[in-house]
>>> print(open('data_30.pdb').read())   # PDB, C-alpha atoms and all ligand atoms
ATOM      1  CA  MET A1147     124.974  66.209  95.005  1.00  0.00           C
ATOM      2  CA  SER A1148     123.188  69.175  93.524  1.00  0.00           C
ATOM      3  CA  GLU A1149     121.089  71.546  95.576  1.00  0.00           C
ATOM      4  CA  PRO A1150     117.434  71.457  94.689  1.00  0.00           C
ATOM      5  CA  GLY A1151     117.340  75.213  93.980  1.00  0.00           C
ATOM      6  CA  LEU A1152     120.141  75.030  91.470  1.00  0.00           C
ATOM      7  CA  ASP A1153     119.026  71.871  89.719  1.00  0.00           C
ATOM      8  CA  PRO A1154     117.784  72.884  86.261  1.00  0.00           C
ATOM      9  CA  GLU A1155     115.571  69.815  86.265  1.00  0.00           C
ATOM     10  CA  ALA A1156     113.849  70.792  89.532  1.00  0.00           C
ATOM     11  CA  ARG A1157     110.287  71.862  88.981  1.00  0.00           C
ATOM     12  CA  VAL A1158     109.302  75.194  90.470  1.00  0.00           C
ATOM     13  CA  TYR A1159     105.679  75.932  91.232  1.00  0.00           C
ATOM     14  CA  CYS A1160     104.003  79.285  91.744  1.00  0.00           C
ATOM     15  CA  ALA A1161     103.691  80.136  95.433  1.00  0.00           C
ATOM     16  CA  ALA A1162     100.093  81.259  94.989  1.00  0.00           C
ATOM     17  CA  HIS A1163      99.098  78.576  92.474  1.00  0.00           C
ATOM     18  CA  PRO A1164     100.722  75.309  93.586  1.00  0.00           C
ATOM     19  CA  HIS A1165      99.692  73.490  90.413  1.00  0.00           C
ATOM     20  CA  VAL A1166     101.220  75.977  87.995  1.00  0.00           C
ATOM     21  CA  GLU A1167     104.810  75.276  87.082  1.00  0.00           C
ATOM     22  CA  THR A1168     106.769  78.440  86.447  1.00  0.00           C
ATOM     23  CA  GLY A1169     110.186  79.770  85.650  1.00  0.00           C
ATOM     24  CA  LEU A1170     109.377  83.252  86.891  1.00  0.00           C
ATOM     25  CA  ARG A1171     110.340  84.739  90.211  1.00  0.00           C
ATOM     26  CA  CYS A1172     109.477  87.977  91.959  1.00  0.00           C
ATOM     27  CA  SER A1173     112.261  90.420  91.113  1.00  0.00           C
ATOM     28  CA  GLN A1174     112.287  91.583  94.713  1.00  0.00           C
ATOM     29  CA  CYS A1175     111.804  88.650  97.071  1.00  0.00           C
ATOM     30  CA  GLY A1176     112.420  85.742  94.710  1.00  0.00           C
ATOM     31  CA  THR A1177     109.071  84.054  95.362  1.00  0.00           C
ATOM     32  CA  PRO A1178     108.062  81.875  92.400  1.00  0.00           C
ATOM     33  CA  ILE A1179     105.256  83.612  90.525  1.00  0.00           C
ATOM     34  CA  CYS A1180     103.244  82.701  87.458  1.00  0.00           C
ATOM     35  CA  PRO A1181     101.694  84.803  84.681  1.00  0.00           C
ATOM     36  CA  ARG A1182      98.340  84.605  86.465  1.00  0.00           C
ATOM     37  CA  CYS A1183      99.490  86.354  89.626  1.00  0.00           C
ATOM     38  CA  LEU A1184     102.538  88.401  88.708  1.00  0.00           C
ATOM     39  CA  VAL A1185     102.276  92.177  88.777  1.00  0.00           C
ATOM     40  CA  MET A1186     104.300  94.102  86.211  1.00  0.00           C
ATOM     41  CA  THR A1187     106.043  97.146  87.687  1.00  0.00           C
ATOM     42  CA  PRO A1188     108.543  99.521  86.071  1.00  0.00           C
ATOM     43  CA  VAL A1189     111.268  97.512  87.799  1.00  0.00           C
ATOM     44  CA  GLY A1190     110.121  94.088  86.670  1.00  0.00           C
ATOM     45  CA  ALA A1191     107.599  91.373  87.531  1.00  0.00           C
ATOM     46  CA  LYS A1192     106.746  91.130  91.214  1.00  0.00           C
ATOM     47  CA  CYS A1193     104.650  89.026  93.515  1.00  0.00           C
ATOM     48  CA  VAL A1194     101.407  90.559  94.733  1.00  0.00           C
ATOM     49  CA  SER A1195     102.657  91.470  98.199  1.00  0.00           C
ATOM     50  CA  CYS A1196     105.859  93.153  96.955  1.00  0.00           C
ATOM     51  CA  ALA A1197     103.877  95.093  94.351  1.00  0.00           C
ATOM     52  CA  ARG A1198     101.425  96.207  97.031  1.00  0.00           C
ATOM     53  CA  ALA A1199     104.227  97.320  99.352  1.00  0.00           C
ATOM     54  CA  ARG A1200     105.761  99.292  96.503  1.00  0.00           C
ATOM     55  CA  ARG A1201     102.465 101.030  95.760  1.00  0.00           C
ATOM     56  CA  ARG A1202     101.998 101.872  99.448  1.00  0.00           C
ATOM     57  CA  ALA A1203     105.468 103.407  99.589  1.00  0.00           C
ATOM     58  CA  ALA A1204     104.713 105.469  96.486  1.00  0.00           C
ATOM     59  CA  LEU A1205     101.460 106.642  98.060  1.00  0.00           C
ATOM     60  CA  ALA A1206     102.885 107.654 101.425  1.00  0.00           C
ATOM     61  CA  LEU A1207     103.119 111.378 102.074  1.00  0.00           C
ATOM     62  CA  GLU A1208     106.686 112.366 102.937  1.00  0.00           C
ATOM     63  CA  PRO A1209     107.073 114.633 105.997  1.00  0.00           C
ATOM     64  CA  VAL A1210     108.984 117.146 103.845  1.00  0.00           C
ATOM     65  CA  THR A1211     106.041 117.449 101.476  1.00  0.00           C
ATOM     66  CA  ALA A1212     103.590 117.735 104.363  1.00  0.00           C
ATOM     67  CA  ILE A1213     105.657 120.537 105.920  1.00  0.00           C
ATOM     68  CA  ALA A1214     106.054 122.344 102.581  1.00  0.00           C
ATOM     69  CA  VAL A1215     102.326 122.125 101.855  1.00  0.00           C
ATOM     70  CA  THR A1216     101.453 123.367 105.342  1.00  0.00           C
ATOM     71  CA  ALA A1217     103.939 126.258 105.176  1.00  0.00           C
ATOM     72  CA  VAL A1218     102.878 127.391 101.712  1.00  0.00           C
ATOM     73  CA  SER A1219      99.178 127.084 102.590  1.00  0.00           C
ATOM     74  CA  LEU A1220      99.611 129.083 105.802  1.00  0.00           C
ATOM     75  CA  VAL A1221     101.602 131.866 104.156  1.00  0.00           C
ATOM     76  CA  SER A1222      99.211 132.002 101.197  1.00  0.00           C
ATOM     77  CA  ALA A1223      96.205 132.170 103.526  1.00  0.00           C
ATOM     78  CA  LEU A1224      97.794 135.036 105.446  1.00  0.00           C
ATOM     79  CA  VAL A1225      98.812 137.000 102.355  1.00  0.00           C
ATOM     80  CA  LEU A1226      95.574 136.440 100.461  1.00  0.00           C
ATOM     81  CA  GLY A1227      93.533 137.164 103.587  1.00  0.00           C
ATOM     82  CA  VAL A1228      95.269 140.522 104.063  1.00  0.00           C
ATOM     83  CA  VAL A1229      94.901 141.361 100.375  1.00  0.00           C
ATOM     84  CA  GLY A1230      91.237 140.403 100.623  1.00  0.00           C
ATOM     85  CA  SER A1231      90.682 142.647 103.620  1.00  0.00           C
ATOM     86  CA  LEU A1232      92.190 145.577 101.707  1.00  0.00           C
ATOM     87  CA  LEU A1233      89.969 144.807  98.725  1.00  0.00           C
ATOM     88  CA  LEU A1234      86.944 144.652 101.030  1.00  0.00           C
ATOM     89  CA  HIS A1235      87.302 148.430 101.393  1.00  0.00           C
ATOM     90  CA  LEU A1236      86.809 148.756  97.653  1.00  0.00           C
ATOM     91  CA  SER A1237      83.980 146.294  97.288  1.00  0.00           C
ATOM     92  CA  PRO A1238      82.115 143.797  99.447  1.00  0.00           C
ATOM     93  CA  LEU A1239      82.406 141.527  96.444  1.00  0.00           C
ATOM     94  CA  ALA A1240      85.937 140.716  97.606  1.00  0.00           C
ATOM     95  CA  GLY A1241      84.449 138.714 100.456  1.00  0.00           C
ATOM     96  CA  MET A1242      82.784 136.431  97.955  1.00  0.00           C
ATOM     97  CA  VAL A1243      85.600 136.165  95.476  1.00  0.00           C
ATOM     98  CA  LEU A1244      88.439 135.725  97.928  1.00  0.00           C
ATOM     99  CA  PRO A1245      87.613 132.232  99.240  1.00  0.00           C
ATOM    100  CA  PHE A1246      87.217 131.094  95.659  1.00  0.00           C
ATOM    101  CA  ILE A1247      90.576 132.541  94.547  1.00  0.00           C
ATOM    102  CA  THR A1248      92.261 131.313  97.723  1.00  0.00           C
ATOM    103  CA  GLY A1249      90.907 127.842  97.127  1.00  0.00           C
ATOM    104  CA  LEU A1250      92.131 127.800  93.551  1.00  0.00           C
ATOM    105  CA  LEU A1251      95.612 129.126  94.296  1.00  0.00           C
ATOM    106  CA  ILE A1252      96.296 127.150  97.459  1.00  0.00           C
ATOM    107  CA  GLY A1253      94.826 123.987  95.979  1.00  0.00           C
ATOM    108  CA  GLU A1254      97.007 124.343  92.905  1.00  0.00           C
ATOM    109  CA  ALA A1255     100.155 125.110  94.898  1.00  0.00           C
ATOM    110  CA  ALA A1256      99.509 122.218  97.290  1.00  0.00           C
ATOM    111  CA  SER A1257      98.882 119.849  94.402  1.00  0.00           C
ATOM    112  CA  ARG A1258     102.166 120.815  92.742  1.00  0.00           C
ATOM    113  CA  LEU A1259     104.105 120.388  95.970  1.00  0.00           C
ATOM    114  CA  ASP A1260     102.462 116.966  96.310  1.00  0.00           C
ATOM    115  CA  ARG A1261     103.455 116.192  92.702  1.00  0.00           C
ATOM    116  CA  ARG A1262      99.774 115.745  91.835  1.00  0.00           C
ATOM    117  CA  ARG A1263      99.331 112.614  93.896  1.00  0.00           C
ATOM    118  CA  GLY A1264      96.210 113.961  95.588  1.00  0.00           C
ATOM    119  CA  HIS A1265      96.969 112.919  99.160  1.00  0.00           C
ATOM    120  CA  LEU A1266      94.008 113.287 101.484  1.00  0.00           C
ATOM    121  CA  ALA A1267      96.135 115.144 104.050  1.00  0.00           C
ATOM    122  CA  VAL A1268      97.236 117.642 101.381  1.00  0.00           C
ATOM    123  CA  ARG A1269      93.611 118.254 100.418  1.00  0.00           C
ATOM    124  CA  ILE A1270      92.600 118.787 104.028  1.00  0.00           C
ATOM    125  CA  ILE A1271      95.468 121.230 104.644  1.00  0.00           C
ATOM    126  CA  ALA A1272      94.559 123.195 101.499  1.00  0.00           C
ATOM    127  CA  GLY A1273      90.890 123.263 102.511  1.00  0.00           C
ATOM    128  CA  ALA A1274      91.700 124.386 106.059  1.00  0.00           C
ATOM    129  CA  ALA A1275      93.900 127.166 104.667  1.00  0.00           C
ATOM    130  CA  VAL A1276      90.887 128.610 102.829  1.00  0.00           C
ATOM    131  CA  VAL A1277      89.000 128.856 106.123  1.00  0.00           C
ATOM    132  CA  LEU A1278      92.043 130.453 107.725  1.00  0.00           C
ATOM    133  CA  GLY A1279      92.280 132.916 104.822  1.00  0.00           C
ATOM    134  CA  PHE A1280      88.693 133.935 105.402  1.00  0.00           C
ATOM    135  CA  PHE A1281      89.315 134.663 109.073  1.00  0.00           C
ATOM    136  CA  VAL A1282      92.500 136.538 108.231  1.00  0.00           C
ATOM    137  CA  MET A1283      90.379 138.644 105.907  1.00  0.00           C
ATOM    138  CA  GLN A1284      88.038 139.401 108.819  1.00  0.00           C
ATOM    139  CA  LEU A1285      91.011 140.413 110.961  1.00  0.00           C
ATOM    140  CA  GLY A1286      92.853 141.969 108.027  1.00  0.00           C
ATOM    141  CA  ASP A1287      92.782 145.602 109.076  1.00  0.00           C
ATOM    142  CA  PHE A1288      94.131 144.751 112.489  1.00  0.00           C
ATOM    143  CA  ILE A1289      96.851 142.590 111.029  1.00  0.00           C
ATOM    144  CA  VAL A1290      97.871 145.366 108.632  1.00  0.00           C
ATOM    145  CA  LEU A1291      97.707 148.150 111.204  1.00  0.00           C
ATOM    146  CA  GLY A1292      99.466 146.394 114.065  1.00  0.00           C
ATOM    147  CA  PRO A1293      99.847 142.668 114.407  1.00  0.00           C
ATOM    148  CA  ALA A1294     101.679 143.010 117.735  1.00  0.00           C
ATOM    149  CA  GLU A1295      98.938 145.163 119.238  1.00  0.00           C
ATOM    150  CA  LEU A1296      96.328 142.779 117.938  1.00  0.00           C
ATOM    151  CA  LEU A1297      97.945 139.781 119.589  1.00  0.00           C
ATOM    152  CA  GLY A1298      98.666 141.728 122.790  1.00  0.00           C
ATOM    153  CA  SER A1299      95.155 143.101 123.091  1.00  0.00           C
ATOM    154  CA  GLY A1300      93.556 139.716 123.635  1.00  0.00           C
ATOM    155  CA  MET A1301      91.013 140.692 121.004  1.00  0.00           C
ATOM    156  CA  VAL A1302      91.732 137.807 118.671  1.00  0.00           C
ATOM    157  CA  PRO A1303      89.273 135.310 120.213  1.00  0.00           C
ATOM    158  CA  LEU A1304      86.568 137.989 120.291  1.00  0.00           C
ATOM    159  CA  LEU A1305      87.161 138.875 116.657  1.00  0.00           C
ATOM    160  CA  LEU A1306      87.137 135.217 115.657  1.00  0.00           C
ATOM    161  CA  VAL A1307      83.848 134.714 117.489  1.00  0.00           C
ATOM    162  CA  ASN A1308      82.563 137.795 115.662  1.00  0.00           C
ATOM    163  CA  GLY A1309      83.660 136.208 112.413  1.00  0.00           C
ATOM    164  CA  LEU A1310      81.833 133.000 113.293  1.00  0.00           C
ATOM    165  CA  VAL A1311      78.687 134.882 114.266  1.00  0.00           C
ATOM    166  CA  GLY A1312      78.979 136.803 111.003  1.00  0.00           C
ATOM    167  CA  LEU A1313      79.105 133.494 109.155  1.00  0.00           C
ATOM    168  CA  ILE A1314      75.920 132.313 110.783  1.00  0.00           C
ATOM    169  CA  GLU A1315      74.223 135.638 110.196  1.00  0.00           C
ATOM    170  CA  ASN A1316      75.300 135.709 106.606  1.00  0.00           C
ATOM    171  CA  PRO A1317      74.923 132.253 105.109  1.00  0.00           C
ATOM    172  CA  PHE A1318      76.365 133.559 101.861  1.00  0.00           C
ATOM    173  CA  SER A1319      79.784 133.931 103.443  1.00  0.00           C
ATOM    174  CA  LEU A1320      79.500 130.375 104.633  1.00  0.00           C
ATOM    175  CA  LEU A1321      78.538 129.309 101.145  1.00  0.00           C
ATOM    176  CA  PHE A1322      81.566 131.085  99.654  1.00  0.00           C
ATOM    177  CA  ILE A1323      83.847 129.438 102.191  1.00  0.00           C
ATOM    178  CA  ILE A1324      82.393 126.054 101.333  1.00  0.00           C
ATOM    179  CA  ILE A1325      82.932 126.753  97.638  1.00  0.00           C
ATOM    180  CA  GLY A1326      86.482 127.911  98.390  1.00  0.00           C
ATOM    181  CA  VAL A1327      87.255 124.830 100.472  1.00  0.00           C
ATOM    182  CA  TRP A1328      85.786 122.644  97.778  1.00  0.00           C
ATOM    183  CA  MET A1329      87.938 124.406  95.154  1.00  0.00           C
ATOM    184  CA  ALA A1330      91.047 123.760  97.257  1.00  0.00           C
ATOM    185  CA  VAL A1331      90.199 120.135  97.973  1.00  0.00           C
ATOM    186  CA  TYR A1332      89.293 119.480  94.355  1.00  0.00           C
ATOM    187  CA  ARG A1333      92.291 121.354  93.009  1.00  0.00           C
ATOM    188  CA  ALA A1334      94.701 119.637  95.369  1.00  0.00           C
ATOM    189  CA  GLY A1335      93.508 116.234  94.196  1.00  0.00           C
TER     190      GLY A1335
HETATM  191 ZN    ZN B1401     107.882  89.466  96.067  1.00  0.00          ZN
HETATM  192 ZN    ZN B1402     100.526  82.202  90.371  1.00  0.00          ZN
END
>>> encode(input="data_30.pdb", output="structure tokens")
Amino acid sequence: MSEPGLDPEARVYCAAHPHVETGLRCSQCGTPICPRCLVMTPVGAKCVSCARARRRAALALEPVTAIAVTAVSLVSALVLGVVGSLLLHLSPLAGMVLPFITGLLIGEAASRLDRRRGHLAVRIIAGAAVVLGFFVMQLGDFIVLGPAELLGSGMVPLLLVNGLVGLIENPFSLLFIIIGVWMAVYRAG
């Protein structure tokens, strides 16, 4: 007696379309599929649910990438913030340009680390780094002159509050930060 699955005469019908006879099967789970519902992937024809699972896996952000993006964004924000604070001595223009440059550079770096997949988390990290860079710029002199003293002095919260008050007092700074964050988020996408 022949098994039904192996019988060449046995009719196979699409799992999603019970009236459509088919000789095709999902390359992953073996579910019968028909030309109406199969999804072509680089590794062959698949059923809808296998194709969706594959896409989800491709879209997931690996922890390694998340850590790399966070580390690079943090370091970049620190470095660019300090550079910006030094440039502020030369021209107040630096305060406007820095968030923009930071956004561009961090967004680009984050996007490359993410292999241009534009993960939302990557965009948020890049955007947050621009804000951090701005505050580092506000604290820049202290960070350059003595980071240990700065942290030990308990002045950091006060300086951050000062920075926030400065933002409210000077809506232009806020505007530049928003532009910078937008640059990063857009660039990282
Ligand atoms: Zn399948
Ligand atoms: Zn079908």
>>> closest_atom_pairs(input="data_30.pdb", of="chain A", to="ligand ZN 1402 (chain B)", cutoff="7 Å", atoms="only C-alpha atoms and all ligand atoms", output="JSON lines")
{"residue": "A:Cys1160", "atom": "CA", "partner": "B:ZN1402", "partner_atom": "ZN", "distance": 4.7}
{"residue": "A:Ala1161", "atom": "CA", "partner": "B:ZN1402", "partner_atom": "ZN", "distance": 6.3}
{"residue": "A:Ala1162", "atom": "CA", "partner": "B:ZN1402", "partner_atom": "ZN", "distance": 4.7}
{"residue": "A:His1163", "atom": "CA", "partner": "B:ZN1402", "partner_atom": "ZN", "distance": 4.4}
{"residue": "A:Val1166", "atom": "CA", "partner": "B:ZN1402", "partner_atom": "ZN", "distance": 6.7}
{"residue": "A:Ile1179", "atom": "CA", "partner": "B:ZN1402", "partner_atom": "ZN", "distance": 4.9}
{"residue": "A:Cys1180", "atom": "CA", "partner": "B:ZN1402", "partner_atom": "ZN", "distance": 4.0}
{"residue": "A:Pro1181", "atom": "CA", "partner": "B:ZN1402", "partner_atom": "ZN", "distance": 6.4}
{"residue": "A:Arg1182", "atom": "CA", "partner": "B:ZN1402", "partner_atom": "ZN", "distance": 5.1}
{"residue": "A:Cys1183", "atom": "CA", "partner": "B:ZN1402", "partner_atom": "ZN", "distance": 4.3}
{"residue": "A:Leu1184", "atom": "CA", "partner": "B:ZN1402", "partner_atom": "ZN", "distance": 6.7}
>>> atom_distance(input="data_30.pdb", atom1="atom CA of A:Leu1233", atom2="atom CA of A:Phe1318")
17.9 Å
>>> atom_distance(input="data_30.pdb", atom1="atom CA of A:His1235", atom2="atom CA of A:Val1277")
20.2 Å
>>> residues_near_point(input="data_30.pdb", point="(84.7, 138.9, 100.9)", cutoff="9 Å", atoms="all atoms listed in the file", output="list in words")
Gly1230, Ser1231, Leu1233, Leu1234, Ser1237, Pro1238, Leu1239, Ala1240, Gly1241, Met1242, Val1243, Leu1244, Pro1245, Phe1280, Met1283, Gln1284, Ser1319 and Phe1322 of chain A
>>> atom_distance(input="data_30.pdb", atom1="atom CA of A:Leu1320", atom2="atom CA of A:Ala1255")
23.4 Å
>>> resolve_selection(input="data_30.pdb", expression="the PyMOL selection byres (((not hetatm)) within 8 of (chain B and resi 1401))", output="number ranges by chain")
A: 1171-1177, 1192-1197
>>> closest_residue(input="data_30.pdb", among="A:Ile1271, A:Pro1178, A:Arg1201, A:Gly1264", to="A:Val1218", atoms="all atoms listed in the file")
A:Ile1271
>>> residues_around(input="data_30.pdb", residues="stretch 1225-1228 of chain A", least_positions_apart="4", cutoff="6 Å", atoms="all atoms listed in the file", output="tab-separated table (two decimals) with C-alpha atoms, in the frame of the given file")
chain	number	residue	atom	x	y	z
A	1279	GLY	CA	92.28	132.92	104.82
A	1282	VAL	CA	92.50	136.54	108.23
A	1283	MET	CA	90.38	138.64	105.91
A	1286	GLY	CA	92.85	141.97	108.03
>>> closest_atom_pairs(input="data_30.pdb", of="stretch 1160-1260 of chain A", to="stretch 1330-1333 of chain A", cutoff="8 Å", atoms="all atoms listed in the file", output="Markdown table")
| residue | atom | partner | partner_atom | distance |
| --- | --- | --- | --- | --- |
| A:Thr1248 | CA | A:Ala1330 | CA | 7.7 |
| A:Gly1249 | CA | A:Ala1330 | CA | 4.1 |
| A:Leu1250 | CA | A:Ala1330 | CA | 5.6 |
| A:Leu1251 | CA | A:Ala1330 | CA | 7.6 |
| A:Ile1252 | CA | A:Ala1330 | CA | 6.3 |
| A:Gly1253 | CA | A:Ala1330 | CA | 4.0 |
| A:Glu1254 | CA | A:Arg1333 | CA | 5.6 |
| A:Ser1257 | CA | A:Arg1333 | CA | 6.9 |
>>> resolve_selection(input="data_30.pdb", expression="the PyMOL selection byres (((chain A and resi 1268) around 9) and not hetatm)", output="NGL selection string")
:A and (1207 or 1211-1212 or 1215-1216 or 1253 or 1256-1257 or 1260 or 1264-1267 or 1269-1273 or 1331 or 1334-1335)
>>> closest_residue(input="data_30.pdb", among="A:Ala1217, A:Ala1156, A:Ile1325, A:Ala1204", to="A:Ile1247", atoms="only C-alpha atoms")
A:Ile1325
>>> closest_residue(input="data_30.pdb", among="A:Pro1303, A:Val1276, A:Arg1198, A:Asn1316", to="A:Ala1223", atoms="all atoms listed in the file")
A:Val1276
>>> axis_aligned_box(input="data_30.pdb", around="stretch 1274-1291 of chain A", padding_each_side="6 Å", output="JSON")
{"center_x": 93.0, "center_y": 136.3, "center_z": 107.7, "size_x": 21.8, "size_y": 35.8, "size_z": 21.7}
>>> closest_residue(input="data_30.pdb", among="A:Ala1206, A:Gly1300, A:Ala1294, A:Phe1281", to="A:Gly1312", atoms="all atoms listed in the file")
A:Phe1281
